[in-house]
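Student: Below you'll find work.cif; it's mmCIF, C-alpha atoms and all ligand atoms.
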```cif
data_start
loop_
_atom_site.label_atom_id
_atom_site.label_comp_id
_atom_site.auth_asym_id
_atom_site.auth_seq_id
_atom_site.Cartn_x
_atom_site.Cartn_y
_atom_site.Cartn_z
CA MET W 1 31.53 -13.48 4.39
CA ARG W 2 31.67 -16.97 2.84
CA LYS W 3 28.79 -19.20 3.89
CA ILE W 4 29.86 -22.29 5.81
CA SER W 5 28.17 -25.43 4.47
CA LEU W 6 25.94 -27.49 6.76
CA ALA W 7 28.33 -30.43 6.53
CA LYS W 8 31.19 -28.24 7.75
CA LYS W 9 29.03 -26.80 10.54
CA ILE W 10 28.14 -30.31 11.70
CA PHE W 11 31.80 -31.28 11.60
CA ILE W 12 32.79 -28.21 13.62
CA ALA W 13 29.97 -28.98 16.08
CA LEU W 14 31.34 -32.49 16.42
CA ILE W 15 34.84 -31.26 17.24
CA LEU W 16 33.52 -28.64 19.67
CA GLY W 17 31.27 -31.26 21.26
CA CYS W 18 34.23 -33.63 21.73
CA VAL W 19 36.34 -30.87 23.30
CA CYS W 20 33.58 -29.59 25.61
CA GLY W 21 32.52 -33.11 26.59
CA ILE W 22 36.09 -34.09 27.45
CA ILE W 23 36.48 -30.89 29.51
CA PHE W 24 33.25 -31.68 31.38
CA ASN W 25 34.51 -35.19 31.95
CA LEU W 26 37.99 -34.22 33.12
CA VAL W 27 37.29 -31.10 35.20
CA PRO W 28 36.30 -32.24 38.67
CA LYS W 29 33.38 -29.79 38.99
CA ASN W 30 29.68 -30.37 39.23
CA PHE W 31 28.16 -29.44 35.85
CA ASP W 32 24.92 -31.35 36.43
CA ILE W 33 22.47 -28.56 35.55
CA LEU W 34 24.39 -27.47 32.47
CA LEU W 35 24.69 -31.06 31.31
CA GLU W 36 20.97 -31.56 31.92
CA ILE W 37 20.23 -28.61 29.58
CA ILE W 38 22.66 -29.93 26.97
CA ASN W 39 21.06 -33.35 27.23
CA LEU W 40 17.61 -31.78 26.79
CA ILE W 41 18.73 -30.03 23.59
CA GLY W 42 20.13 -33.31 22.30
CA GLN W 43 16.88 -35.10 23.12
CA ILE W 44 14.81 -32.44 21.33
CA PHE W 45 16.92 -32.98 18.21
CA THR W 46 16.58 -36.75 18.55
CA ASN W 47 12.80 -36.48 18.88
CA LEU W 48 12.64 -34.26 15.80
CA ILE W 49 14.52 -36.90 13.83
CA LYS W 50 12.29 -39.65 15.17
CA SER W 51 9.16 -37.71 14.28
CA MET W 52 10.12 -37.79 10.60
CA VAL W 53 10.76 -41.51 10.32
CA VAL W 54 7.16 -42.77 9.96
CA PRO W 55 6.00 -40.18 7.39
CA LEU W 56 9.24 -40.46 5.44
CA VAL W 57 9.21 -44.25 5.22
CA PHE W 58 5.51 -44.56 4.51
CA VAL W 59 5.38 -41.93 1.79
CA SER W 60 8.66 -42.70 0.06
CA ILE W 61 8.02 -46.45 -0.17
CA ALA W 62 4.44 -46.09 -1.39
CA LEU W 63 5.62 -43.56 -3.94
CA GLY W 64 8.59 -45.71 -5.00
CA ILE W 65 6.31 -48.68 -5.69
CA ALA W 66 3.66 -46.51 -7.37
CA SER W 67 6.33 -44.97 -9.61
CA ILE W 68 6.80 -48.31 -11.33
CA GLY W 69 3.65 -47.22 -13.15
CA ASP W 70 2.41 -50.15 -15.18
CA LEU W 71 2.29 -53.39 -13.22
CA LYS W 72 3.09 -55.39 -16.37
CA LYS W 73 6.35 -53.51 -16.47
CA LEU W 74 6.90 -54.88 -13.01
CA GLY W 75 6.71 -58.33 -14.59
CA SER W 76 9.98 -59.51 -15.99
CA VAL W 77 12.35 -56.59 -15.44
CA GLY W 78 10.66 -55.47 -12.22
CA SER W 79 10.72 -58.79 -10.41
CA LYS W 80 14.34 -59.41 -11.39
CA ILE W 81 15.59 -56.00 -10.40
CA ILE W 82 13.69 -56.04 -7.12
CA ALA W 83 15.09 -59.48 -6.30
CA PHE W 84 18.61 -58.20 -6.99
CA TYR W 85 18.05 -55.01 -4.99
CA PHE W 86 16.70 -56.84 -1.95
CA GLY W 87 19.22 -59.66 -2.25
CA THR W 88 22.27 -57.42 -2.48
CA THR W 89 21.06 -55.17 0.36
CA ALA W 90 20.47 -58.13 2.68
CA LEU W 91 23.88 -59.51 1.68
CA ALA W 92 25.49 -56.12 2.31
CA VAL W 93 24.10 -55.72 5.81
CA SER W 94 24.86 -59.36 6.70
CA PHE W 95 28.47 -58.97 5.59
CA ALA W 96 28.69 -55.67 7.44
CA ILE W 97 27.53 -57.29 10.68
CA PHE W 98 29.98 -60.12 10.11
CA PHE W 99 32.82 -57.63 9.50
CA ALA W 100 31.97 -55.62 12.60
CA LYS W 101 31.80 -58.76 14.71
CA LEU W 102 35.07 -60.02 13.25
CA ILE W 103 36.98 -56.85 13.97
CA ASN W 104 35.73 -56.81 17.57
CA PRO W 105 37.33 -59.98 18.90
CA ASP W 106 36.10 -59.25 22.40
CA THR W 107 32.52 -59.68 21.21
CA SER W 108 32.95 -62.76 18.99
CA PHE W 109 29.26 -63.49 19.28
CA TYR W 110 28.93 -66.07 16.53
CA ILE W 111 31.27 -68.61 18.06
CA LYS W 112 29.93 -68.09 21.56
CA ASN W 113 26.20 -68.23 20.93
CA VAL W 114 25.40 -70.25 17.84
CA PRO W 115 25.09 -73.73 19.43
CA GLU W 116 22.80 -72.43 22.14
CA ILE W 117 20.51 -70.70 19.66
CA SER W 118 20.29 -73.56 17.18
CA THR W 119 18.81 -75.82 19.86
CA ASP W 120 16.50 -73.20 21.30
CA ILE W 121 12.95 -73.76 20.07
CA HIS W 122 11.86 -70.32 21.25
CA GLU W 123 14.29 -68.68 18.87
CA LYS W 124 12.70 -70.56 15.98
CA ILE W 125 9.27 -69.47 17.08
CA SER W 126 10.36 -65.87 17.36
CA VAL W 127 11.81 -65.91 13.83
CA SER W 128 8.46 -67.00 12.41
CA LYS W 129 6.85 -64.38 14.61
CA ILE W 130 9.04 -61.73 12.98
CA ILE W 131 7.61 -62.75 9.61
CA LEU W 132 4.03 -62.75 10.87
CA ASP W 133 4.59 -59.44 12.63
CA ILE W 134 5.30 -57.82 9.27
CA ILE W 135 1.65 -58.10 8.25
CA PRO W 136 -0.48 -55.53 10.07
CA THR W 137 -4.00 -56.43 11.16
CA ASN W 138 -4.69 -52.75 11.58
CA PRO W 139 -2.47 -50.44 9.48
CA ILE W 140 -3.64 -47.32 11.30
CA GLU W 141 -2.56 -48.85 14.59
CA ALA W 142 0.78 -49.76 12.98
CA LEU W 143 1.24 -46.14 11.89
CA ALA W 144 0.24 -44.79 15.29
CA GLN W 145 2.55 -47.16 17.14
CA GLY W 146 5.39 -46.73 14.67
CA SER W 147 5.64 -50.49 13.92
CA MET W 148 8.08 -50.02 11.08
CA LEU W 149 7.99 -53.44 9.43
CA GLN W 150 4.19 -53.29 9.28
CA ILE W 151 4.26 -49.73 8.00
CA ILE W 152 6.65 -50.71 5.21
CA PHE W 153 4.50 -53.70 4.28
CA PHE W 154 1.39 -51.51 4.17
CA ALA W 155 3.20 -48.84 2.15
CA ILE W 156 4.14 -51.46 -0.46
CA LEU W 157 0.47 -52.52 -0.67
CA ILE W 158 -0.64 -48.91 -1.07
CA GLY W 159 1.94 -48.43 -3.85
CA ILE W 160 0.61 -51.50 -5.66
CA GLY W 161 -2.96 -50.29 -5.10
CA ILE W 162 -2.17 -46.88 -6.60
CA THR W 163 -0.65 -48.58 -9.64
CA LEU W 164 -3.61 -50.93 -10.08
CA ALA W 165 -6.08 -48.07 -9.82
CA ASN W 166 -4.54 -46.41 -12.92
CA GLU W 167 -5.96 -42.90 -13.56
CA LYS W 168 -8.19 -43.15 -10.52
CA GLY W 169 -5.06 -43.66 -8.45
CA THR W 170 -3.26 -40.66 -9.98
CA PRO W 171 -4.60 -38.05 -7.52
CA VAL W 172 -3.33 -40.14 -4.60
CA LYS W 173 0.02 -40.60 -6.36
CA LYS W 174 0.18 -36.84 -6.82
CA LEU W 175 -0.67 -36.41 -3.13
CA PHE W 176 2.17 -38.75 -2.19
CA GLU W 177 4.54 -36.84 -4.49
CA SER W 178 3.58 -33.67 -2.72
CA LEU W 179 3.89 -35.28 0.74
CA ASN W 180 7.28 -36.62 -0.24
CA GLU W 181 8.41 -33.15 -1.19
CA ILE W 182 7.12 -31.77 2.11
CA ASN W 183 8.89 -34.54 4.04
CA LEU W 184 12.19 -33.76 2.32
CA LYS W 185 11.79 -30.07 3.08
CA LEU W 186 11.10 -30.86 6.74
CA VAL W 187 14.14 -33.13 6.90
CA ALA W 188 16.24 -30.31 5.44
CA MET W 189 14.79 -27.96 8.07
CA ILE W 190 15.59 -30.37 10.92
CA MET W 191 19.06 -30.87 9.51
CA ASN W 192 19.64 -27.12 9.83
CA PHE W 193 19.31 -27.68 13.55
CA ALA W 194 21.79 -30.56 13.32
CA PRO W 195 24.94 -28.61 14.30
CA ILE W 196 23.36 -27.65 17.65
CA GLY W 197 21.86 -31.11 18.09
CA VAL W 198 25.14 -32.82 17.26
CA PHE W 199 27.05 -30.50 19.57
CA ALA W 200 24.65 -31.28 22.43
CA LEU W 201 24.59 -35.05 21.85
CA ILE W 202 28.36 -35.31 21.44
CA THR W 203 29.10 -33.10 24.42
CA TYR W 204 26.79 -35.18 26.59
CA SER W 205 28.25 -38.46 25.31
CA PHE W 206 31.85 -37.39 25.83
CA ALA W 207 31.02 -35.94 29.23
CA SER W 208 29.62 -39.36 30.17
CA PHE W 209 32.10 -41.61 28.35
CA GLY W 210 35.25 -39.46 28.46
CA LEU W 211 38.23 -40.24 26.24
CA ASP W 212 37.52 -43.96 26.21
CA ILE W 213 35.20 -43.53 23.24
CA ILE W 214 37.83 -42.22 20.76
CA PRO W 215 39.50 -45.53 19.82
CA SER W 216 36.13 -47.16 19.14
CA ILE W 217 35.00 -44.26 16.90
CA SER W 218 38.15 -44.53 14.76
CA LYS W 219 37.60 -48.25 14.59
CA TYR W 220 33.98 -47.63 13.55
CA LEU W 221 35.05 -45.40 10.65
CA PHE W 222 37.69 -47.87 9.55
CA VAL W 223 35.40 -50.91 9.68
CA THR W 224 32.64 -49.12 7.77
CA TYR W 225 34.92 -48.01 4.95
CA LEU W 226 36.51 -51.45 4.82
CA ALA W 227 33.09 -53.09 4.45
CA LEU W 228 32.05 -50.54 1.80
CA PHE W 229 35.26 -51.18 -0.11
CA PHE W 230 34.80 -54.94 0.15
CA HIS W 231 31.25 -54.73 -1.16
CA ALA W 232 32.19 -52.45 -4.05
CA VAL W 233 35.28 -54.32 -5.13
CA VAL W 234 34.64 -57.96 -4.27
CA ILE W 235 30.86 -58.48 -4.21
CA TYR W 236 29.96 -56.34 -7.23
CA ASN W 237 32.83 -57.66 -9.29
CA LEU W 238 31.83 -61.22 -8.43
CA MET W 239 28.22 -60.49 -9.38
CA LEU W 240 29.28 -59.09 -12.74
CA LYS W 241 31.48 -62.13 -13.35
CA ILE W 242 28.80 -64.65 -12.40
CA TRP W 243 25.86 -63.13 -14.24
CA THR W 244 27.38 -61.26 -17.15
CA LYS W 245 30.94 -62.31 -17.99
CA LEU W 246 31.54 -58.67 -18.89
CA ASP W 247 34.93 -57.01 -18.58
CA ILE W 248 34.98 -55.50 -15.10
CA LYS W 249 37.66 -52.95 -15.98
CA LYS W 250 35.38 -51.53 -18.67
CA PHE W 251 32.59 -51.25 -16.13
CA TRP W 252 34.80 -49.28 -13.74
CA LYS W 253 35.95 -46.94 -16.51
CA LYS W 254 32.39 -46.00 -17.38
CA PHE W 255 31.16 -45.94 -13.80
CA TRP W 256 33.91 -43.62 -12.57
CA PRO W 257 32.13 -40.28 -13.29
CA VAL W 258 29.03 -41.57 -11.49
CA ALA W 259 31.17 -42.42 -8.46
CA GLY W 260 32.60 -38.90 -8.50
CA VAL W 261 29.18 -37.23 -8.48
CA ALA W 262 27.81 -39.63 -5.87
CA PHE W 263 30.81 -39.06 -3.60
CA SER W 264 30.80 -35.29 -3.85
CA THR W 265 27.02 -34.82 -3.53
CA SER W 266 26.28 -37.72 -1.15
CA SER W 267 23.03 -38.11 -3.04
CA SER W 268 21.84 -41.01 -5.18
CA ASN W 269 19.19 -38.72 -6.65
CA ALA W 270 21.78 -36.18 -7.76
CA ALA W 271 23.83 -38.95 -9.36
CA LEU W 272 20.82 -40.42 -11.21
CA PRO W 273 21.14 -38.45 -14.47
CA ILE W 274 24.85 -39.34 -14.64
CA SER W 275 24.21 -43.01 -13.96
CA ILE W 276 21.54 -43.14 -16.69
CA GLU W 277 24.10 -41.58 -19.03
CA ALA W 278 26.72 -44.12 -17.94
CA ALA W 279 24.24 -46.96 -18.51
CA ASP W 280 23.77 -45.59 -22.05
CA LYS W 281 27.51 -45.81 -22.57
CA MET W 282 27.49 -49.33 -21.18
CA GLY W 283 24.94 -50.29 -23.85
CA VAL W 284 21.88 -50.70 -21.61
CA SER W 285 18.66 -49.65 -23.32
CA ARG W 286 16.95 -46.56 -21.90
CA ASP W 287 13.70 -48.53 -21.39
CA ILE W 288 15.43 -50.62 -18.80
CA SER W 289 17.90 -48.15 -17.31
CA SER W 290 15.52 -45.25 -16.71
CA PHE W 291 13.16 -47.56 -14.82
CA THR W 292 15.69 -49.66 -12.88
CA LEU W 293 18.05 -46.81 -12.04
CA SER W 294 15.34 -44.45 -10.80
CA LEU W 295 13.81 -47.25 -8.77
CA GLY W 296 17.27 -48.08 -7.46
CA SER W 297 18.00 -44.54 -6.39
CA THR W 298 14.86 -44.76 -4.22
CA ILE W 299 14.87 -48.30 -2.88
CA ASN W 300 18.35 -49.79 -3.31
CA MET W 301 20.87 -48.62 -0.70
CA ASN W 302 23.56 -51.25 -0.18
CA GLY W 303 26.01 -48.74 1.27
CA THR W 304 23.43 -47.41 3.71
CA ALA W 305 22.60 -50.95 4.81
CA ILE W 306 26.31 -51.59 5.44
CA MET W 307 26.45 -48.47 7.61
CA HIS W 308 23.35 -49.66 9.51
CA GLY W 309 24.78 -53.09 10.22
CA ILE W 310 28.10 -51.77 11.46
CA THR W 311 26.60 -48.92 13.46
CA VAL W 312 24.21 -51.26 15.27
CA ILE W 313 27.09 -53.50 16.34
CA PHE W 314 29.26 -50.50 17.25
CA LEU W 315 26.58 -48.82 19.38
CA ALA W 316 25.53 -52.11 20.99
CA ASN W 317 29.16 -52.51 22.07
CA VAL W 318 29.35 -48.96 23.37
CA TYR W 319 26.19 -49.47 25.45
CA HIS W 320 27.07 -53.05 26.41
CA ILE W 321 23.90 -54.41 24.83
CA ASP W 322 23.98 -58.08 23.89
CA LEU W 323 22.32 -58.74 20.57
CA SER W 324 20.87 -62.22 20.12
CA LEU W 325 20.79 -64.03 16.79
CA SER W 326 17.12 -63.15 16.41
CA ASP W 327 18.01 -59.47 17.05
CA LEU W 328 20.61 -59.69 14.29
CA ILE W 329 18.16 -61.32 11.89
CA LYS W 330 15.70 -58.52 12.68
CA VAL W 331 18.43 -55.97 12.02
CA VAL W 332 19.20 -57.52 8.61
CA LEU W 333 15.50 -57.54 7.74
CA MET W 334 14.82 -54.07 9.03
CA SER W 335 17.90 -52.56 7.47
CA THR W 336 17.01 -54.10 4.10
CA LEU W 337 13.55 -52.55 4.37
CA ALA W 338 14.92 -49.29 5.80
CA SER W 339 17.13 -48.93 2.77
CA VAL W 340 13.93 -49.09 0.69
CA GLY W 341 12.63 -46.15 2.69
CA THR W 342 15.86 -44.16 2.49
CA ALA W 343 15.50 -41.21 0.15
CA GLY W 344 18.53 -40.72 -2.10
CA VAL W 345 19.56 -37.47 -0.47
CA PRO W 346 22.35 -36.70 2.00
CA GLY W 347 21.99 -37.94 5.55
CA VAL W 348 18.65 -39.76 5.35
CA GLY W 349 20.31 -43.12 5.93
CA MET W 350 21.31 -41.91 9.38
CA LEU W 351 17.70 -40.96 10.05
CA MET W 352 16.54 -44.41 9.03
CA LEU W 353 19.07 -45.85 11.43
CA ALA W 354 16.73 -44.70 14.22
CA MET W 355 14.24 -47.42 13.40
CA VAL W 356 16.90 -50.11 13.16
CA LEU W 357 18.24 -49.03 16.55
CA GLU W 358 14.79 -49.07 18.10
CA LEU W 359 14.25 -52.59 16.88
CA ALA W 360 17.55 -53.64 18.48
CA ASN W 361 16.62 -51.83 21.73
CA ILE W 362 19.53 -49.43 21.44
CA PRO W 363 18.75 -45.85 22.60
CA VAL W 364 18.08 -43.69 19.53
CA SER W 365 19.97 -40.80 21.12
CA ALA W 366 23.12 -42.90 20.56
CA ILE W 367 22.94 -41.60 16.98
CA GLY W 368 24.65 -38.48 18.33
CA LEU W 369 27.89 -40.45 18.62
CA VAL W 370 28.04 -41.10 14.90
CA LEU W 371 26.04 -38.24 13.40
CA GLY W 372 28.94 -35.80 13.46
CA ILE W 373 31.11 -38.01 11.30
CA ASP W 374 28.24 -39.12 9.10
CA ARG W 375 29.25 -36.82 6.24
CA ILE W 376 32.49 -38.78 5.90
CA LEU W 377 30.56 -42.05 5.71
CA ASP W 378 27.69 -40.69 3.62
CA ALA W 379 30.01 -39.91 0.69
CA GLY W 380 31.38 -43.45 0.58
CA ARG W 381 28.10 -45.23 1.13
CA THR W 382 26.37 -43.18 -1.58
CA VAL W 383 28.97 -44.40 -4.09
CA VAL W 384 28.17 -47.99 -3.09
CA ASN W 385 24.42 -47.25 -3.25
CA VAL W 386 24.68 -45.96 -6.81
CA MET W 387 27.13 -48.62 -7.88
CA GLY W 388 24.64 -51.25 -6.72
CA ASP W 389 21.97 -49.72 -8.94
CA CYS W 390 24.29 -49.79 -11.97
CA VAL W 391 25.56 -53.34 -11.41
CA CYS W 392 22.05 -54.76 -10.93
CA THR W 393 20.80 -52.84 -13.98
CA LEU W 394 23.59 -54.26 -16.10
CA ILE W 395 22.86 -57.80 -14.93
CA VAL W 396 19.12 -57.49 -15.62
CA ALA W 397 19.86 -56.00 -19.06
CA VAL W 398 22.02 -59.03 -19.87
CA MET W 399 19.32 -61.39 -18.58
CA GLU W 400 16.73 -59.64 -20.72
CA ASN W 401 19.03 -59.81 -23.79
CA ASP W 402 18.92 -56.07 -23.89
CA LEU W 403 22.59 -55.18 -23.66
CA ASP W 404 24.60 -53.87 -26.59
CA GLU W 405 27.92 -55.57 -25.81
CA LYS W 406 29.73 -53.70 -28.58
CA LYS W 407 28.79 -50.45 -26.94
CA PHE W 408 29.82 -51.81 -23.54
CA ASN W 409 33.26 -52.76 -24.83
CA ALA W 410 33.77 -49.54 -26.80
CA ASP W 411 36.22 -47.03 -25.34
CA VAL W 412 34.82 -43.92 -23.70
N1 LIG H 501 23.05 -40.23 0.98
C1 LIG H 501 22.57 -41.55 0.66
C2 LIG H 501 22.15 -41.60 -0.79
O1 LIG H 501 21.72 -40.62 -1.33
C3 LIG H 501 21.44 -41.97 1.53
C4 LIG H 501 21.94 -42.12 2.95
O2 LIG H 501 21.91 -41.14 3.68
O3 LIG H 501 22.37 -43.22 3.31
O4 LIG H 501 22.25 -42.61 -1.42
#
```
Let me see the structure of the file written as structure tokens.

Tutor:
Amino acid sequence: MRKISLAKKIFIALILGCVCGIIFNLVPKNFDILLEIINLIGQIFTNLIKSMVVPLVFVSIALGIASIGDLKKLGSVGSKIIAFYFGTTALAVSFAIFFAKLINPDTSFYIKNVPEISTDIHEKISVSKIILDIIPTNPIEALAQGSMLQIIFFAILIGIGITLANEKGTPVKKLFESLNEINLKLVAMIMNFAPIGVFALITYSFASFGLDIIPSISKYLFVTYLALFFHAVVIYNLMLKIWTKLDIKKFWKKFWPVAGVAFSTSSSNAALPISIEAADKMGVSRDISSFTLSLGSTINMNGTAIMHGITVIFLANVYHIDLSLSDLIKVVLMSTLASVGTAGVPGVGMLMLAMVLELANIPVSAIGLVLGIDRILDAGRTVVNVMGDCVCTLIVAVMENDLDEKKFNADV
């Protein structure tokens, strides 16, 4: 018999969950005990996901930073590429939140709340507190309590420390490589349980929400793809125009195969060899592209950040949770950092969403509502993730006078 892929199983579980949940909701019988069991299964799955967030973020960020290798290399190219990666991710999530707010006229938060917030001194204090809260006084406590911003900050320091320690740091780097591998294996193992988890979470949600949820889910898919499309077509093209003056059509022609691999594998890592090859064809020197593109496939996830921003707004609406401006700022910050911690493999962005949701005080189990359709979103957001790496690499290559324009303009 042909093996059904995990993605298909999750999709089937989603459909079954919708059907069963709606039946539970519509049939006027008391299913309390059964629903309790289903809810328990969903919660077990949610806890498993949550249990992976701290190790995954800590290890993958420390390793990502340590992989830069020589800190001098971090100098010119490194600082530029990191600035572009962080900048575009923050821009992506901000636009995503704006899009989601715009398409939900009933929750036009910006118009309603801005004046109040701009005069509120406490808001200002809490914004500076967010910044101070990033620096842990006790990293072990931060790890134990799952304070994600502090964990990320500490992981970056560890990564720099490993790099500075040179050979003496190599055993620790090797340890992190091994831990990273273990983490990815565990994630894959948990994801095998995903069809049951998704079925349970969706059934429970639909049993509680009934049919009312369907229009908002379609809207969620539509808004996310619209924001991804906007970022890929408008923002990246604008960036290329502003910083490079290169022919955008030529970029698209050479990027196309990368987009195909990213879309079909939903993995930035899988697309990495193809994007390095495409960068070759675009005339970027290997010295730059191998460093910036591998770093990008680990820390630069514009598409994932877009999904985070929109999902937070969507789930906050579903649960009637009002997000203040400071919550939204935290979401932008956290999502930018979460994208750093997102491994370039399928589905991890959804896992990272857990920490963004926690920060916004949205129940993590709400992930069940979107997990079943995540495969559809993952494909699109991975294309944007990889495209971001390529665009930023091209810009940095131009800035460093390291782009062979003849090669860029040559036909493929
Ligand atoms: N699949 C994405 C990537 O590899 C990560 C994510 O799940 O958002 O780029």

Student: For Trp256 in chain W, work out the shell of residues within 12 Å, counting only C-alpha atoms and skipping chain neighbours fewer than 2 positions away, then give it as a VMD selection string.

Tutor: chain W and resid 249 to 254 258 to 263 271 274 to 275 277 to 279 383 to 384 386 to 387 390 412

Student: Tell me which protein, DNA and RNA residues are within 12 Å of Leu369 in chain W, counting all atoms listed in the file, leaving out same-chain ones fewer than 2 positions away, and put them as JSON, numbers by chain.

Tutor: {"W": [13, 14, 15, 17, 18, 21, 42, 46, 197, 198, 199, 200, 201, 202, 203, 204, 205, 206, 207, 208, 209, 213, 214, 216, 217, 218, 220, 221, 311, 312, 314, 315, 318, 319, 350, 363, 364, 365, 366, 367, 371, 372, 373, 374]}

Student: How would you report the residues lying within 10 Å of ligand LIG 501 (chain H), as a PyMOL selection string, if you count all atoms listed in the file?

Tutor: chain W and resi 262-263+265-272+296-308+338-339+341-353+374-375+377-386

Student: Would you mind exporting the chosen residues as a PDB file, in the coordinates of the input, restricted to C-alpha atoms?

Tutor:
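Contents of the output file out.pdb:
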```pdb
ATOM      1  CA  ALA W 262      27.810 -39.630  -5.870  1.00  0.00           C
ATOM      2  CA  PHE W 263      30.810 -39.060  -3.600  1.00  0.00           C
ATOM      3  CA  THR W 265      27.020 -34.820  -3.530  1.00  0.00           C
ATOM      4  CA  SER W 266      26.280 -37.720  -1.150  1.00  0.00           C
ATOM      5  CA  SER W 267      23.030 -38.110  -3.040  1.00  0.00           C
ATOM      6  CA  SER W 268      21.840 -41.010  -5.180  1.00  0.00           C
ATOM      7  CA  ASN W 269      19.190 -38.720  -6.650  1.00  0.00           C
ATOM      8  CA  ALA W 270      21.780 -36.180  -7.760  1.00  0.00           C
ATOM      9  CA  ALA W 271      23.830 -38.950  -9.360  1.00  0.00           C
ATOM     10  CA  LEU W 272      20.820 -40.420 -11.210  1.00  0.00           C
ATOM     11  CA  GLY W 296      17.270 -48.080  -7.460  1.00  0.00           C
ATOM     12  CA  SER W 297      18.000 -44.540  -6.390  1.00  0.00           C
ATOM     13  CA  THR W 298      14.860 -44.760  -4.220  1.00  0.00           C
ATOM     14  CA  ILE W 299      14.870 -48.300  -2.880  1.00  0.00           C
ATOM     15  CA  ASN W 300      18.350 -49.790  -3.310  1.00  0.00           C
ATOM     16  CA  MET W 301      20.870 -48.620  -0.700  1.00  0.00           C
ATOM     17  CA  ASN W 302      23.560 -51.250  -0.180  1.00  0.00           C
ATOM     18  CA  GLY W 303      26.010 -48.740   1.270  1.00  0.00           C
ATOM     19  CA  THR W 304      23.430 -47.410   3.710  1.00  0.00           C
ATOM     20  CA  ALA W 305      22.600 -50.950   4.810  1.00  0.00           C
ATOM     21  CA  ILE W 306      26.310 -51.590   5.440  1.00  0.00           C
ATOM     22  CA  MET W 307      26.450 -48.470   7.610  1.00  0.00           C
ATOM     23  CA  HIS W 308      23.350 -49.660   9.510  1.00  0.00           C
ATOM     24  CA  ALA W 338      14.920 -49.290   5.800  1.00  0.00           C
ATOM     25  CA  SER W 339      17.130 -48.930   2.770  1.00  0.00           C
ATOM     26  CA  GLY W 341      12.630 -46.150   2.690  1.00  0.00           C
ATOM     27  CA  THR W 342      15.860 -44.160   2.490  1.00  0.00           C
ATOM     28  CA  ALA W 343      15.500 -41.210   0.150  1.00  0.00           C
ATOM     29  CA  GLY W 344      18.530 -40.720  -2.100  1.00  0.00           C
ATOM     30  CA  VAL W 345      19.560 -37.470  -0.470  1.00  0.00           C
ATOM     31  CA  PRO W 346      22.350 -36.700   2.000  1.00  0.00           C
ATOM     32  CA  GLY W 347      21.990 -37.940   5.550  1.00  0.00           C
ATOM     33  CA  VAL W 348      18.650 -39.760   5.350  1.00  0.00           C
ATOM     34  CA  GLY W 349      20.310 -43.120   5.930  1.00  0.00           C
ATOM     35  CA  MET W 350      21.310 -41.910   9.380  1.00  0.00           C
ATOM     36  CA  LEU W 351      17.700 -40.960  10.050  1.00  0.00           C
ATOM     37  CA  MET W 352      16.540 -44.410   9.030  1.00  0.00           C
ATOM     38  CA  LEU W 353      19.070 -45.850  11.430  1.00  0.00           C
ATOM     39  CA  ASP W 374      28.240 -39.120   9.100  1.00  0.00           C
ATOM     40  CA  ARG W 375      29.250 -36.820   6.240  1.00  0.00           C
ATOM     41  CA  LEU W 377      30.560 -42.050   5.710  1.00  0.00           C
ATOM     42  CA  ASP W 378      27.690 -40.690   3.620  1.00  0.00           C
ATOM     43  CA  ALA W 379      30.010 -39.910   0.690  1.00  0.00           C
ATOM     44  CA  GLY W 380      31.380 -43.450   0.580  1.00  0.00           C
ATOM     45  CA  ARG W 381      28.100 -45.230   1.130  1.00  0.00           C
ATOM     46  CA  THR W 382      26.370 -43.180  -1.580  1.00  0.00           C
ATOM     47  CA  VAL W 383      28.970 -44.400  -4.090  1.00  0.00           C
ATOM     48  CA  VAL W 384      28.170 -47.990  -3.090  1.00  0.00           C
ATOM     49  CA  ASN W 385      24.420 -47.250  -3.250  1.00  0.00           C
ATOM     50  CA  VAL W 386      24.680 -45.960  -6.810  1.00  0.00           C
TER      51      VAL W 386
END
```

Student: I'd like the neighbourhood of Leu56 in chain W as a PyMOL selection string, where a residue qualifies if any of its atoms comes within 8 Å (using all atoms listed in the file), though same-chain residues fewer than 5 positions away should be ignored.

Tutor: chain W and resi 180+183-184+341

Student: Compile the contact shell of range 166-169 of chain W as a CSV table (one decimal) with C-alpha atoms, keeping the file's coordinate frame: residues with an atom at most 12 Å away, counting only C-alpha atoms, same-chain residues fewer than 2 positions apart removed.

Tutor:
```csv
chain,number,residue,atom,x,y,z
W,63,LEU,CA,5.6,-43.6,-3.9
W,66,ALA,CA,3.7,-46.5,-7.4
W,67,SER,CA,6.3,-45.0,-9.6
W,68,ILE,CA,6.8,-48.3,-11.3
W,69,GLY,CA,3.6,-47.2,-13.2
W,70,ASP,CA,2.4,-50.2,-15.2
W,71,LEU,CA,2.3,-53.4,-13.2
W,158,ILE,CA,-0.6,-48.9,-1.1
W,159,GLY,CA,1.9,-48.4,-3.8
W,160,ILE,CA,0.6,-51.5,-5.7
W,161,GLY,CA,-3.0,-50.3,-5.1
W,162,ILE,CA,-2.2,-46.9,-6.6
W,163,THR,CA,-0.6,-48.6,-9.6
W,164,LEU,CA,-3.6,-50.9,-10.1
W,171,PRO,CA,-4.6,-38.0,-7.5
W,172,VAL,CA,-3.3,-40.1,-4.6
W,173,LYS,CA,0.0,-40.6,-6.4
W,174,LYS,CA,0.2,-36.8,-6.8
W,175,LEU,CA,-0.7,-36.4,-3.1
W,176,PHE,CA,2.2,-38.8,-2.2
```

Student: Set the distance at 10 Å and use only C-alpha atoms: which residues neighbour Tyr85 in chain W once local chain neighbours fewer than 2 positions away are removed? I'd like the list as a list in words.

Tutor: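 What passes the distance filter is Ser79, Lys80, Ile81, Ile82, Ala83, Gly87, Thr88, Thr89, Ala90, Leu91, Thr292, Leu295, Gly296, Ile299, Asn300, Met301, Asn302, Thr336, Ser339, Val340, Gly388, Asp389, Cys392 and Thr393 of chain W.
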